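**Q** The structure's right below; bear with me while I get my questions together.
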Amino acid sequence: MTKIIKISINGIPIEVEQGTTILDAARQAGVIIPSLCYHKDLCIAGNCRVCVVEIAGQKRLAAACATPCEEEMEILTNSLNVLHSRKQIIELLLSEHNADCTSCFKNGSCELQKLASDYKILKQDFIRLVPFKNYTIDKFSPSIIKDDSKCIRCQRCVRTCAELQGINALTVAYKGDQMKITTFFEKPINDVVCSTCGQCINHCPTGALVEKNYIEKVWDAIADKSKHVVVQTAPAVRVGLGEELGFGPGERVTGKMVTALKRLGFDAVMDTDFTADLTIMEEGTELLMRLKSVLVDHDPKVKLPMATSCSPGWIKYIEHLFPDYLDHLSTCKSPQQMFGALAKTYYAKARNLDPEKIISVSIMPCTAKKFEAARPEMHDSGYRDVDYVLTTRELAIMIKQAGLDFMKLDDTHFDRLMGESTGAGVIFGATGGVMEAALRTVYELVTGREIPFENLNITPVRGMEGVKEASVKIENPLKEWAFLDGVELKCAVAHGLVNAHKVMESIRSGKAEYHFVEIMACPGGCLGGGGQPIPTSPEIRKKRAEAIYAEDEGMPLRKSHQNPEIIKIYKDFLDHPLSEKSHHLLHTHYVPRERF
């Protein structure tokens with residue numbers, strides 16, 4: 001049983017659970033203690049010291065984020081000593097910080113900038129050290145820009161990379177005034193074991209880590225009347241975009257988002273959920289073929305479990321750290337890349353357009369999608385399949401630049417032809433969603449019956465646990481799938497690459513025997529992606545997930561194979577799942593990468 005203790009904050013008595021930090025206790029009492037290195041997703045560090053408080057009977061100020069409350073503790077959060085100390089700490093941070101705020105991508109959302117404003121740092125009492133620092137800016141990655149001149153060495157990014165992702169692409173080098181955040185061997189981010197997931201960006205309090213910005217290139221394409229600019233939007237964007245534009249976390253803004261995109265000048269506004277449904281048809285068929293090859297033909301070349309391939313951060317991770325398991329990946333491209341290939345083939349043909357004149361843009365919750373679009377493998381349409389990838393945050397910037405009052409926009413629908421989708425496509429945005437969508441379709445294709453879960457909701461694969469397991473027993477299948485009768489299809493779902501590592505090690509050791517594995521690089525899945533609005537906390541991820549599942553339940557069609565546009569594209573263009581044309585346009589392969 002948790003012990004309740006009594007403390008006082010600024011003379012006001014309160015009760016908290018034993019072990020509660022002063023920072024959390026203050027927030028429960030409605031007292032805001034500023035912090036920079038602290039983040040709900042990460043372990044306590046106490047690096048920045050901005051959160052210092054005064055404790056009666058102690059000579060030194062204590063870091064509120066790292067100090068647990070004790071019985072009868074008397075805490076002052078706004079004494080003159082505390083206020084002077086905080087102000088000096090902020091001034092010291094600013095002395096080493098390249099404060100070109102007006103031209104910084106994080107202008108308006110920088111935590112250091114807000115603290116400087118709140119504490120009215122109007123002049124510098126310390127020597128400006130920026131001119132004397134040999135700062136570097138790493139722009140080599142298509143996804144991430146790392147600017148050392150804006151780093152405050154809070155180490156949030158280092159802890160994010162280690163704790164959430166288990167990669168350690170970022171580390172701390174040197175000591176004292178030479179201390180810096182760098183990659184191993186101080187290589188560019190693009191040359192180290194980095195998934196480009198962008199979680200470091202989401203957790204960085206300043207502009208030291210930001211996504212590479214393609215907004216101006218997209219504006220130029222829209223303004224070029226010789227170009228036909230199509231845009232696709234991922235499922236997680238519709239439950240995140242509103243947070244940047246006046247809505248609360250988890251608000252569904254699908255219709256307003258479509259209206260905004262049309263007003264921005266895109267020639268066609270379509271839905272990545274369409275190719276999410278298409279992915280299920282291809283991936284589900286591939287899973288069934290693999291099961292047949294293993295269970296009936298005993299083909300040693302075919303590997304189980306089959307792992308999903310929708311998350312580009314996960315793909316780059318497995319290329320670096322588990323290259324001997326690349327054959328376990330589904331050969332399906334991600335929905336983004338399937339869409340890009342079809343935009344310059346199927347869509348171009350249907351609209352009688354020159355594919356060379358089509359500019360394909362995607363709005364994604366993910367910075368790794370920028371890296372994925374730049375892969376040399378992604379040119380199967382004869383052109384670069386996806387030309388530009390914008391994050392949810394970048395789209396919000398474009399909407400603000402265009403002067404659109406987002407909250408007052410009417411709802412409109414996606415354009416038809418690659419704009420129709422089902423609830424199964426929507427849930428791709430949440431961890432477990434790809435697995436759930438696939439099981440809805442695969443089970444019905446094999447048995448002719450709906451999967452036996454209430455209202456199609458496969459709850460064992462839902463939720464924010466790091467690793468989830470589920471099994472579905474196949475009974476009385478259709479004649480062509482008789483070999484699956486009695487088979488218990490064993491599945492696993494992991495989100496966050498630290499959990500992906502656990503699953504892969506359990507597979508490698510033989511401790512776990514799965515048929516199908518879904519892995520998403522980011523905590524919560526795409527809805528917690530590195531391109532989503534900041535902040536992203538456990539509570540916000542939960543609200544976004546609830547919104548995604550609500551959108552699914554409100555849709556008239558909730559199984560991918562029911563999508564009439566999917567039926568049409570196979571009839572008119574692709575023939576059938578895993579056909580020669582499907583394999584050429586919608587499937588790919590991946591390559592081993594260096595581990596160091």
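In the structure tokens, each chain is lettered A, B, ... as it comes, each chain's residues begin at 1, and ligands are numbered from 1 in order of appearance.
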Dump as CSV the rows for residues of range 204-287 of chain A within 10 Å of range 33-54 of chain A: closest atom pair and distance in Å with one decimal, only C-alpha atoms counted, ordered by chain and rising residue number.
**A**
residue,atom,partner,partner_atom,distance
A:Cys204,CA,A:Cys37,CA,8.9
A:Pro205,CA,A:Leu36,CA,6.6
A:Thr206,CA,A:Leu36,CA,9.3
**Q** Against range 566-588 of chain A, which residues of range 264-355 of chain A fall within 12 Å? For each one I want the closest pair of atoms and the distance in Å (one decimal), counting only C-alpha atoms, rows by chain and increasing residue number, as a Markdown table.
**A**
| residue | atom | partner | partner_atom | distance |
| --- | --- | --- | --- | --- |
| A:Asp273 | CA | A:Ile566 | CA | 11.0 |
| A:Phe274 | CA | A:Ile566 | CA | 7.6 |
| A:Thr275 | CA | A:Ile566 | CA | 8.5 |
| A:Ala276 | CA | A:Ile566 | CA | 10.3 |
| A:Asp277 | CA | A:Ile566 | CA | 7.3 |
| A:Leu278 | CA | A:Ile566 | CA | 6.4 |
| A:Thr279 | CA | A:Leu586 | CA | 8.4 |
| A:Ile280 | CA | A:Pro577 | CA | 9.7 |
| A:Met281 | CA | A:Pro577 | CA | 6.3 |
| A:Glu282 | CA | A:Pro577 | CA | 5.2 |
| A:Glu283 | CA | A:Pro577 | CA | 8.6 |
| A:Gly284 | CA | A:Pro577 | CA | 9.1 |
| A:Thr285 | CA | A:Pro577 | CA | 6.7 |
| A:Glu286 | CA | A:Leu578 | CA | 7.4 |
| A:Leu287 | CA | A:Leu578 | CA | 11.1 |
| A:Leu288 | CA | A:Leu578 | CA | 11.4 |
| A:Met289 | CA | A:Leu578 | CA | 9.8 |
| A:Ser309 | CA | A:Thr588 | CA | 10.0 |
| A:Cys310 | CA | A:His587 | CA | 11.5 |
| A:Ile315 | CA | A:Thr588 | CA | 11.9 |
| A:Leu326 | CA | A:Thr588 | CA | 11.7 |
| A:Asp327 | CA | A:Thr588 | CA | 11.6 |
| A:Leu329 | CA | A:Thr588 | CA | 10.2 |
| A:Ser330 | CA | A:His587 | CA | 8.5 |
| A:Thr331 | CA | A:His587 | CA | 5.1 |
| A:Cys332 | CA | A:His587 | CA | 4.4 |
| A:Lys333 | CA | A:His587 | CA | 5.1 |
| A:Ser334 | CA | A:Leu586 | CA | 8.4 |
| A:Pro335 | CA | A:Leu586 | CA | 8.9 |
| A:Gln336 | CA | A:Leu586 | CA | 10.4 |
| A:Gln337 | CA | A:Leu586 | CA | 7.7 |
| A:Met338 | CA | A:Leu586 | CA | 5.2 |
| A:Phe339 | CA | A:Leu586 | CA | 8.7 |
| A:Gly340 | CA | A:Leu585 | CA | 9.5 |
| A:Ala341 | CA | A:Leu585 | CA | 6.1 |
| A:Leu342 | CA | A:Leu585 | CA | 7.5 |
| A:Ala343 | CA | A:Leu585 | CA | 10.8 |
| A:Lys344 | CA | A:Leu585 | CA | 10.4 |
| A:Thr345 | CA | A:Leu585 | CA | 9.0 |
| A:Tyr346 | CA | A:Phe573 | CA | 7.0 |
| A:Tyr347 | CA | A:Ile569 | CA | 10.1 |
| A:Lys349 | CA | A:Phe573 | CA | 9.9 |
| A:Ala350 | CA | A:Asp572 | CA | 9.9 |
**Q** Can you check which residues of range 469-566 of chain A DSSP gives as alpha helix (DSSP H) on the backbone and send them as a PyMOL selection string?
**A** chain A and resi 497-509+538-553+564-566
**Q** Could you list, as a ChimeraX atom specification, every residue within 12 Å of range 504-506 of chain A, counting only C-alpha atoms and ignoring same-chain residues fewer than 4 positions away?
**A** /A:305-307,314,317-318,321-326,328-329,467,492-494,497-500,510-514,517-519
**Q** Keeping N, CA and C atoms, export the residues of the selection given above as a compact mmCIF listing (two decimals), in the first residue's frame.
**A**
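Final output, saved to selection-v9.txt:
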# COMPACT_ATOMS: atom_id res chain seq x y z
N PRO A 305 8.78 -15.75 -38.54
CA PRO A 305 7.59 -14.94 -38.77
C PRO A 305 7.82 -13.89 -39.85
N MET A 306 6.72 -13.47 -40.46
CA MET A 306 6.79 -12.34 -41.38
C MET A 306 6.59 -11.06 -40.57
N ALA A 307 7.44 -10.09 -40.83
CA ALA A 307 7.37 -8.82 -40.11
C ALA A 307 6.85 -7.73 -41.03
N TRP A 314 11.74 1.49 -38.52
CA TRP A 314 11.97 0.07 -38.21
C TRP A 314 12.78 -0.59 -39.32
N TYR A 317 16.35 0.39 -38.98
CA TYR A 317 16.87 -0.25 -37.77
C TYR A 317 17.26 -1.71 -38.04
N ILE A 318 16.38 -2.47 -38.68
CA ILE A 318 16.67 -3.88 -38.93
C ILE A 318 17.81 -4.03 -39.94
N LEU A 321 20.88 -3.44 -37.51
CA LEU A 321 21.11 -4.26 -36.33
C LEU A 321 20.71 -5.73 -36.46
N PHE A 322 19.81 -6.04 -37.39
CA PHE A 322 19.42 -7.44 -37.61
C PHE A 322 19.41 -7.75 -39.11
N PRO A 323 20.49 -7.46 -39.81
CA PRO A 323 20.49 -7.65 -41.27
C PRO A 323 20.27 -9.10 -41.69
N ASP A 324 20.59 -10.05 -40.81
CA ASP A 324 20.38 -11.46 -41.13
C ASP A 324 18.90 -11.84 -41.08
N TYR A 325 18.05 -10.90 -40.67
CA TYR A 325 16.61 -11.16 -40.62
C TYR A 325 15.83 -10.36 -41.66
N LEU A 326 16.51 -9.80 -42.64
CA LEU A 326 15.83 -9.02 -43.67
C LEU A 326 14.84 -9.87 -44.46
N HIS A 328 12.83 -11.86 -43.37
CA HIS A 328 11.59 -11.97 -42.60
C HIS A 328 10.65 -10.79 -42.87
N LEU A 329 11.20 -9.70 -43.40
CA LEU A 329 10.37 -8.53 -43.71
C LEU A 329 9.40 -8.84 -44.84
N VAL A 467 5.21 -4.47 -25.68
CA VAL A 467 5.09 -5.67 -26.49
C VAL A 467 3.75 -6.33 -26.16
N ALA A 492 2.67 -10.95 -32.70
CA ALA A 492 3.28 -10.05 -31.72
C ALA A 492 3.28 -8.63 -32.28
N VAL A 493 3.14 -7.68 -31.39
CA VAL A 493 3.13 -6.26 -31.75
C VAL A 493 4.11 -5.54 -30.84
N ALA A 494 4.99 -4.72 -31.41
CA ALA A 494 5.92 -3.92 -30.61
C ALA A 494 5.97 -2.50 -31.16
N LEU A 497 11.61 1.23 -30.68
CA LEU A 497 12.61 0.27 -31.14
C LEU A 497 13.28 -0.49 -30.01
N VAL A 498 13.24 0.03 -28.79
CA VAL A 498 13.76 -0.75 -27.67
C VAL A 498 12.93 -2.00 -27.48
N ASN A 499 11.63 -1.91 -27.77
CA ASN A 499 10.75 -3.09 -27.70
C ASN A 499 10.91 -3.98 -28.93
N ALA A 500 11.20 -3.36 -30.07
CA ALA A 500 11.49 -4.15 -31.27
C ALA A 500 12.69 -5.06 -31.01
N GLY A 510 14.94 -18.25 -30.20
CA GLY A 510 14.02 -19.38 -30.29
C GLY A 510 13.02 -19.44 -29.16
N LYS A 511 13.04 -18.43 -28.27
CA LYS A 511 12.11 -18.42 -27.14
C LYS A 511 10.68 -18.12 -27.59
N ALA A 512 10.54 -17.42 -28.68
CA ALA A 512 9.20 -17.06 -29.18
C ALA A 512 9.02 -17.61 -30.59
N GLU A 513 7.86 -18.17 -30.84
CA GLU A 513 7.54 -18.69 -32.17
C GLU A 513 6.29 -17.98 -32.68
N TYR A 514 6.52 -17.00 -33.50
CA TYR A 514 5.42 -16.22 -34.06
C TYR A 514 5.27 -16.54 -35.54
N VAL A 517 4.50 -10.56 -37.16
CA VAL A 517 4.99 -9.56 -36.20
C VAL A 517 4.78 -8.17 -36.78
N GLU A 518 4.22 -7.28 -35.99
CA GLU A 518 4.12 -5.86 -36.39
C GLU A 518 5.06 -5.05 -35.52
N ILE A 519 5.89 -4.23 -36.15
CA ILE A 519 6.78 -3.35 -35.40
C ILE A 519 6.68 -1.94 -35.95
**Q** Could you give me, as a PyMOL selection string, the residues within 7 Å of range 396-413 of chain A, counting only C-alpha atoms and dropping anything in the same chain fewer than 6 positions from it?
**A** chain A and resi 241+244-246+255-256+258-260+264
